[in-house]
Amino acid sequence: MARKLKIPISKKREKLNLFTFEDVENDIDYNIKSHIEIFSDKEITVECCQGILDYNNDYIKLRLSKGNVILFGKGLYISCFECNVIRIKGKLLSLEFCM
Amino acid sequence: MLWLIRYIKGFLKISISGEYKEAFINKAMKSGVFLWDLCVLEDKITAHIGIKDFKYLPLMRRKAKAHIKIDKKYGLPFFTYRYRKRAGFILGALLFFSILQFLSLFVWSVQVSGNTTVKSEEILSCCRKVGVFEGVRKSKISSKNAAGRILLLNDKLAWCSVNVEGSIVTVNVTETKNMPSEKDGKPSNLVAAEDGIITKIDVKSGNTAVKVGDAVAKGDILVSGIIESMSSTAFVRSSGIVEAKIQKTFTKKADFRIIQNMPTNKTKKHVTLEAFSLKIPFYFTKTKGDYITENSNKRLIINGKALPFGVSVEKFIFTEKKKFNRSEKELETLLKKEITKEIKAFTNEKYEIIAEDYIATKEGIELKVTTETVCDITAEKQISVIIN
């Protein structure tokens with residue numbers, strides 16, 4: 001059995017910039033326009049994605065700086081999500097924008 | 001490559017459950033915690049996270065009211081942690097990699113490619129002379145220098161390159177094409193190599209000195225390399241074909257009684273273990289007496305590449321001198337076989353046997369066979385020209 005990792009978090013806290021759940025909404029920069037790239041029906045990259053609102057294997061709702069985008073598909077999974085860039089892979093069926 | 005870096009650093013497969021799973025992911029992203037390969041499994045979200053980032057999860061977990069469970073641990077840190085008390089294991093691994101590194105400094109195999117007529121053994125012996133052989137340090141090989149020296153040692157090679165690829169040295173060669181000999185261009189005559197009657201003349205250069213139907217003796221000029229005109233004399237290299245009907249007698253002799261070295265059932269094997277240029281013999285005594293040797297060499301081959309490890313077996317088959325008495329019929333068939341071989345070696349053309357005489361001698365039989373054949377009888381003979 002591996003030993004449980006006990007690292008004093010207080011020392012590293014300066015790295016963290018923790019947000020509360022409401023902060024996601026408050027932190028949105030409305031001036032930045034999102035950039036979406038679709039690679040065939042297999043991959044989609046969304047830049048300036050403000051967060052995930054709903055996540056499911058067949059459905060992902062993303063918060064953009066202006067409105068939301070809903071992705072429908074099959075076996076959708078998030079390949080990576082960092083620095084407001086989200087890459088989703090899987091079989092994409094449709095894309096819907098909503099305010 | 002990315003996977004390898006992640007594996008070295010170590011990562012975890014976690015499952016996130018709770019009411020605000022998505023909020024937790026958003027928080028992680030905003031906090032600079034990197035998650036990858038997120039996938040929904042029933043009411044959980046599974047994700048991968050680096051060891052260093054995992055330290056920050058408890059704080060976020062509390063705020064997002066999510067539950068985190070470690071599903072699996074991957075990476076070198078966990079592996080080394082598991083075996084931290086096994087010093088022998090770590091030492092063994094270190095020893096293994098250091099031996100591997102040490103052995104990779106040497107040449108394990110030398111391969112030759114591109115040769116058709118020149119034997120690989122011949123090229124390999126040249127390589128050995130220039131210091132390219134199994135067991136030599138790779139740093140001691142200078143590819144350009146070695147290639148140049150191999151070319152100097154072997155005239156049959158036109159181009160050579162020595163490539164060191166890992167622990168294998170590949171010697172690529174190109175052989176020389178049949179270059180015109182030194183004789184080319186020098187004036188010469190075509191003379192008769194055998195006695196005969198001319199049947200066909202086909203001269204490409206030179207002055208024809210005979211006609212069809214002429215009888216010629218061995219050494220007679222058939223085509224002259226000296227062409228005389230009204231004002232000058234030219235010397236050329238004669239070439240062409242002059243066919244003649246020739247008669248040739250072949251003689252072969254054999255005795256009824258012969259002494260032959262016959263192999264016996266007694267054998268002896270000398271086994272030698274080979275590793276690089278080191279040879280370890282597994283025998284102590286020298287072999288005495290009459291024997292025939294048979295050598296076999298087996299190399300260790302992995303993925304079609306011969307490694308410098310092998311076993312060579314030298315088999316000694318002892319022989320005995322035995323006297324045999326052969327019958328007249330046996331001797332006749334033997335002589336006929338041998339003479340047929342001799343005739344075939346002399347000419348490739350069709351031949352006709354004119355006379356066949358078996359002469360009985362005191363000790364055996366002598367066979368005389370006279371053949372008639374039509375073949376090219378030209379032989380080139382240089383003309384020495386002295387210019388004052």
# chains A, B, ... in the order shown; residues from 1 in each chain; ligands from 1
$ select_by_dssp --residues "range 122-332 of chain B" --states "helix (DSSP H, G or I)" --output "list in words"
Glu122, Ile123, Leu124, Ser125, Cys126, Cys127, Arg128, Lys129, Lys138, Ser139, Lys140, Ser143, Lys144, Asn145, Ala146, Ala147, Gly148, Arg149, Ile150, Leu151, Leu152, Leu153, Glu328, Lys329, Glu330, Leu331 and Glu332 of chain B
$ residues_around --residues "Lys269 in chain B" --least-positions-apart "5" --cutoff "8 Å" --atoms "only C-alpha atoms" --output "count of residues only"
4
$ residues_around --residues "range 135-142 of chain B" --least-positions-apart "4" --cutoff "8 Å" --atoms "only C-alpha atoms" --output "ChimeraX atom specification"
/B:105-108,131,146,164,167,276-277,308
$ write_last_selection --atoms "N, CA, C and O atoms" --output "compact mmCIF listing (two decimals), in the first residue's frame"
# COMPACT_ATOMS: atom_id res chain seq x y z
N LEU B 105 28.75 0.53 -25.86
CA LEU B 105 29.92 1.29 -26.34
C LEU B 105 30.73 0.49 -27.36
O LEU B 105 31.62 1.03 -28.00
N PHE B 106 30.43 -0.79 -27.49
CA PHE B 106 31.22 -1.66 -28.36
C PHE B 106 30.44 -2.10 -29.60
O PHE B 106 29.22 -2.05 -29.61
N VAL B 107 31.20 -2.54 -30.58
CA VAL B 107 30.59 -3.05 -31.81
C VAL B 107 30.21 -4.50 -31.58
O VAL B 107 31.03 -5.29 -31.13
N TRP B 108 28.97 -4.82 -31.85
CA TRP B 108 28.48 -6.18 -31.62
C TRP B 108 28.44 -7.01 -32.90
O TRP B 108 28.53 -8.21 -32.86
N GLY B 131 40.73 -2.18 -38.37
CA GLY B 131 40.27 -1.96 -36.99
C GLY B 131 38.77 -1.93 -36.82
O GLY B 131 38.28 -1.41 -35.82
N ALA B 146 38.26 4.50 -42.16
CA ALA B 146 38.14 3.05 -42.34
C ALA B 146 37.70 2.72 -43.76
O ALA B 146 38.24 1.81 -44.39
N VAL B 164 28.11 3.31 -38.61
CA VAL B 164 27.91 2.78 -37.25
C VAL B 164 26.49 3.13 -36.82
O VAL B 164 26.14 4.30 -36.67
N SER B 167 24.95 -0.49 -32.15
CA SER B 167 26.12 -1.36 -31.93
C SER B 167 26.43 -2.20 -33.15
O SER B 167 27.20 -3.14 -33.08
N PHE B 276 32.77 -12.23 -28.89
CA PHE B 276 33.56 -11.17 -29.54
C PHE B 276 34.80 -11.83 -30.16
O PHE B 276 34.64 -12.80 -30.87
N SER B 277 35.99 -11.35 -29.85
CA SER B 277 37.18 -11.98 -30.42
C SER B 277 37.79 -13.01 -29.46
O SER B 277 38.83 -13.59 -29.74
N PRO B 308 27.84 -11.37 -31.65
CA PRO B 308 29.19 -11.93 -31.59
C PRO B 308 29.35 -13.06 -30.58
O PRO B 308 30.35 -13.16 -29.90
$ closest_residue --among "B:Thr264, B:Thr287, B:Ser31, B:Ser15" --to "Phe81 in chain A" --atoms "only C-alpha atoms"
B:Ser31
$ atom_distance --atom1 "CA of Ile68 in chain B" --atom2 "CA of Ser65 in chain A"
29.0 Å
$ residues_around --residues "Lys33 in chain A" --least-positions-apart "5" --cutoff "10 Å" --atoms "only C-alpha atoms" --output "PyMOL selection string"
chain A and resi 47-49+64-66
$ interface_residues --of "chain B" --to "chain A" --cutoff "12 Å" --atoms "only C-alpha atoms" --output "ChimeraX atom specification"
/B:19-49,51-66,70,72-74,77-84
$ write_last_selection --atoms "C-alpha atoms" --output "PDB file, in the first residue's frame"
ATOM      1  CA  GLU B  19     -23.642  17.461  -6.740  1.00  0.00           C
ATOM      2  CA  TYR B  20     -21.322  20.063  -8.215  1.00  0.00           C
ATOM      3  CA  LYS B  21     -18.873  17.996 -10.194  1.00  0.00           C
ATOM      4  CA  GLU B  22     -18.729  20.508 -13.041  1.00  0.00           C
ATOM      5  CA  ALA B  23     -18.110  23.336 -10.590  1.00  0.00           C
ATOM      6  CA  PHE B  24     -15.208  21.397  -9.192  1.00  0.00           C
ATOM      7  CA  ILE B  25     -13.690  21.026 -12.688  1.00  0.00           C
ATOM      8  CA  ASN B  26     -14.171  24.747 -13.311  1.00  0.00           C
ATOM      9  CA  LYS B  27     -12.449  25.552 -10.038  1.00  0.00           C
ATOM     10  CA  ALA B  28      -9.592  23.248 -10.899  1.00  0.00           C
ATOM     11  CA  MET B  29      -9.132  24.980 -14.241  1.00  0.00           C
ATOM     12  CA  LYS B  30      -9.297  28.457 -12.690  1.00  0.00           C
ATOM     13  CA  SER B  31      -6.844  27.430  -9.994  1.00  0.00           C
ATOM     14  CA  GLY B  32      -4.312  26.214 -12.496  1.00  0.00           C
ATOM     15  CA  VAL B  33      -4.783  22.542 -11.675  1.00  0.00           C
ATOM     16  CA  PHE B  34      -4.443  20.506 -14.820  1.00  0.00           C
ATOM     17  CA  LEU B  35      -6.897  17.670 -15.414  1.00  0.00           C
ATOM     18  CA  TRP B  36      -6.936  15.530 -18.522  1.00  0.00           C
ATOM     19  CA  ASP B  37      -8.947  12.714 -20.076  1.00  0.00           C
ATOM     20  CA  LEU B  38     -12.138  13.543 -18.223  1.00  0.00           C
ATOM     21  CA  CYS B  39     -14.828  10.984 -18.800  1.00  0.00           C
ATOM     22  CA  VAL B  40     -18.316  10.462 -17.361  1.00  0.00           C
ATOM     23  CA  LEU B  41     -18.997   7.053 -15.840  1.00  0.00           C
ATOM     24  CA  GLU B  42     -22.527   6.770 -14.494  1.00  0.00           C
ATOM     25  CA  ASP B  43     -22.763   9.556 -11.887  1.00  0.00           C
ATOM     26  CA  LYS B  44     -19.015  10.033 -11.580  1.00  0.00           C
ATOM     27  CA  ILE B  45     -16.451  11.882 -13.586  1.00  0.00           C
ATOM     28  CA  THR B  46     -13.092  10.194 -13.928  1.00  0.00           C
ATOM     29  CA  ALA B  47     -10.026  12.294 -14.641  1.00  0.00           C
ATOM     30  CA  HIS B  48      -6.258  12.139 -14.572  1.00  0.00           C
ATOM     31  CA  ILE B  49      -4.196  14.486 -12.473  1.00  0.00           C
ATOM     32  CA  ILE B  51       0.856  14.159  -8.294  1.00  0.00           C
ATOM     33  CA  LYS B  52       1.853  17.768  -7.631  1.00  0.00           C
ATOM     34  CA  ASP B  53      -1.592  19.134  -8.552  1.00  0.00           C
ATOM     35  CA  PHE B  54      -3.346  16.546  -6.446  1.00  0.00           C
ATOM     36  CA  LYS B  55      -2.142  18.318  -3.309  1.00  0.00           C
ATOM     37  CA  TYR B  56      -4.470  21.265  -4.064  1.00  0.00           C
ATOM     38  CA  LEU B  57      -7.612  19.212  -4.559  1.00  0.00           C
ATOM     39  CA  PRO B  58      -8.757  18.947  -0.907  1.00  0.00           C
ATOM     40  CA  LEU B  59      -9.300  22.707  -0.663  1.00  0.00           C
ATOM     41  CA  MET B  60     -11.338  22.829  -3.844  1.00  0.00           C
ATOM     42  CA  ARG B  61     -13.203  19.693  -2.926  1.00  0.00           C
ATOM     43  CA  ARG B  62     -14.500  21.310   0.243  1.00  0.00           C
ATOM     44  CA  LYS B  63     -15.777  24.383  -1.581  1.00  0.00           C
ATOM     45  CA  ALA B  64     -17.423  22.459  -4.431  1.00  0.00           C
ATOM     46  CA  LYS B  65     -18.866  19.820  -2.093  1.00  0.00           C
ATOM     47  CA  ALA B  66     -17.447  17.071  -4.259  1.00  0.00           C
ATOM     48  CA  ILE B  70      -8.197   7.790  -6.132  1.00  0.00           C
ATOM     49  CA  LYS B  72      -5.372   4.116  -9.640  1.00  0.00           C
ATOM     50  CA  LYS B  73      -1.821   5.373  -9.259  1.00  0.00           C
ATOM     51  CA  TYR B  74       0.542   5.454 -12.161  1.00  0.00           C
ATOM     52  CA  PRO B  77       7.362   7.697  -8.013  1.00  0.00           C
ATOM     53  CA  PHE B  78       4.822   5.059  -6.908  1.00  0.00           C
ATOM     54  CA  PHE B  79       6.914   2.274  -8.384  1.00  0.00           C
ATOM     55  CA  THR B  80      10.087   3.375  -6.616  1.00  0.00           C
ATOM     56  CA  TYR B  81       8.149   3.973  -3.388  1.00  0.00           C
ATOM     57  CA  ARG B  82       6.869   0.400  -3.498  1.00  0.00           C
ATOM     58  CA  TYR B  83      10.394  -0.965  -3.772  1.00  0.00           C
ATOM     59  CA  ARG B  84      12.128   1.602  -1.546  1.00  0.00           C
TER      60      ARG B  84
END
$ atom_distance --atom1 "CA of Ala355 in chain B" --atom2 "CA of Val242 in chain B"
25.5 Å
$ residues_around --residues "range 359-364 of chain B" --least-positions-apart "4" --cutoff "6 Å" --atoms "only C-alpha atoms" --output "PyMOL selection string"
chain B and resi 254-256
$ atom_distance --atom1 "CA of Leu157 in chain B" --atom2 "CA of Ala306 in chain B"
24.0 Å
$ residues_around --residues "Val130 in chain B" --least-positions-apart "4" --cutoff "10 Å" --atoms "only C-alpha atoms" --output "ChimeraX atom specification"
/B:124-126,141-142,145-150,153
$ write_last_selection --atoms "C-alpha atoms" --output "CSV table (one decimal), in the first residue's frame"
chain,number,residue,atom,x,y,z
B,124,LEU,CA,35.4,-8.6,-43.3
B,125,SER,CA,39.1,-9.5,-43.2
B,126,CYS,CA,39.9,-6.1,-44.7
B,141,ILE,CA,36.1,3.7,-35.4
B,142,SER,CA,36.6,6.6,-37.8
B,145,ASN,CA,39.2,6.7,-42.6
B,146,ALA,CA,38.1,3.0,-42.3
B,147,ALA,CA,36.2,3.2,-45.6
B,148,GLY,CA,39.2,4.7,-47.4
B,149,ARG,CA,41.6,2.1,-46.0
B,150,ILE,CA,39.2,-0.7,-47.0
B,153,LEU,CA,43.2,-2.9,-49.3
$ select_by_dssp --residues "range 137-314 of chain B" --states "strand (DSSP E or B)" --output "ChimeraX atom specification"
/B:137,157-165,168-175,188-192,196-205,207-208,215-216,221-224,226-228,233-235,237,239-255,257-275,278-281,291-302,305-314
$ closest_residue --among "B:Glu134, B:Asn303, B:Ile197, B:Thr347" --to "Glu274 in chain B" --atoms "only C-alpha atoms"
B:Glu134
$ closest_residue --among "B:Asn189, B:Ser143, B:Thr176, B:Thr233" --to "Gly219 in chain B" --atoms "only C-alpha atoms"
B:Asn189
$ residues_around --residues "Lys252 in chain B" --least-positions-apart "5" --cutoff "10 Å" --atoms "only C-alpha atoms" --output "VMD selection string"
chain B and resid 334 to 336 338 to 339 342 358 365 to 369
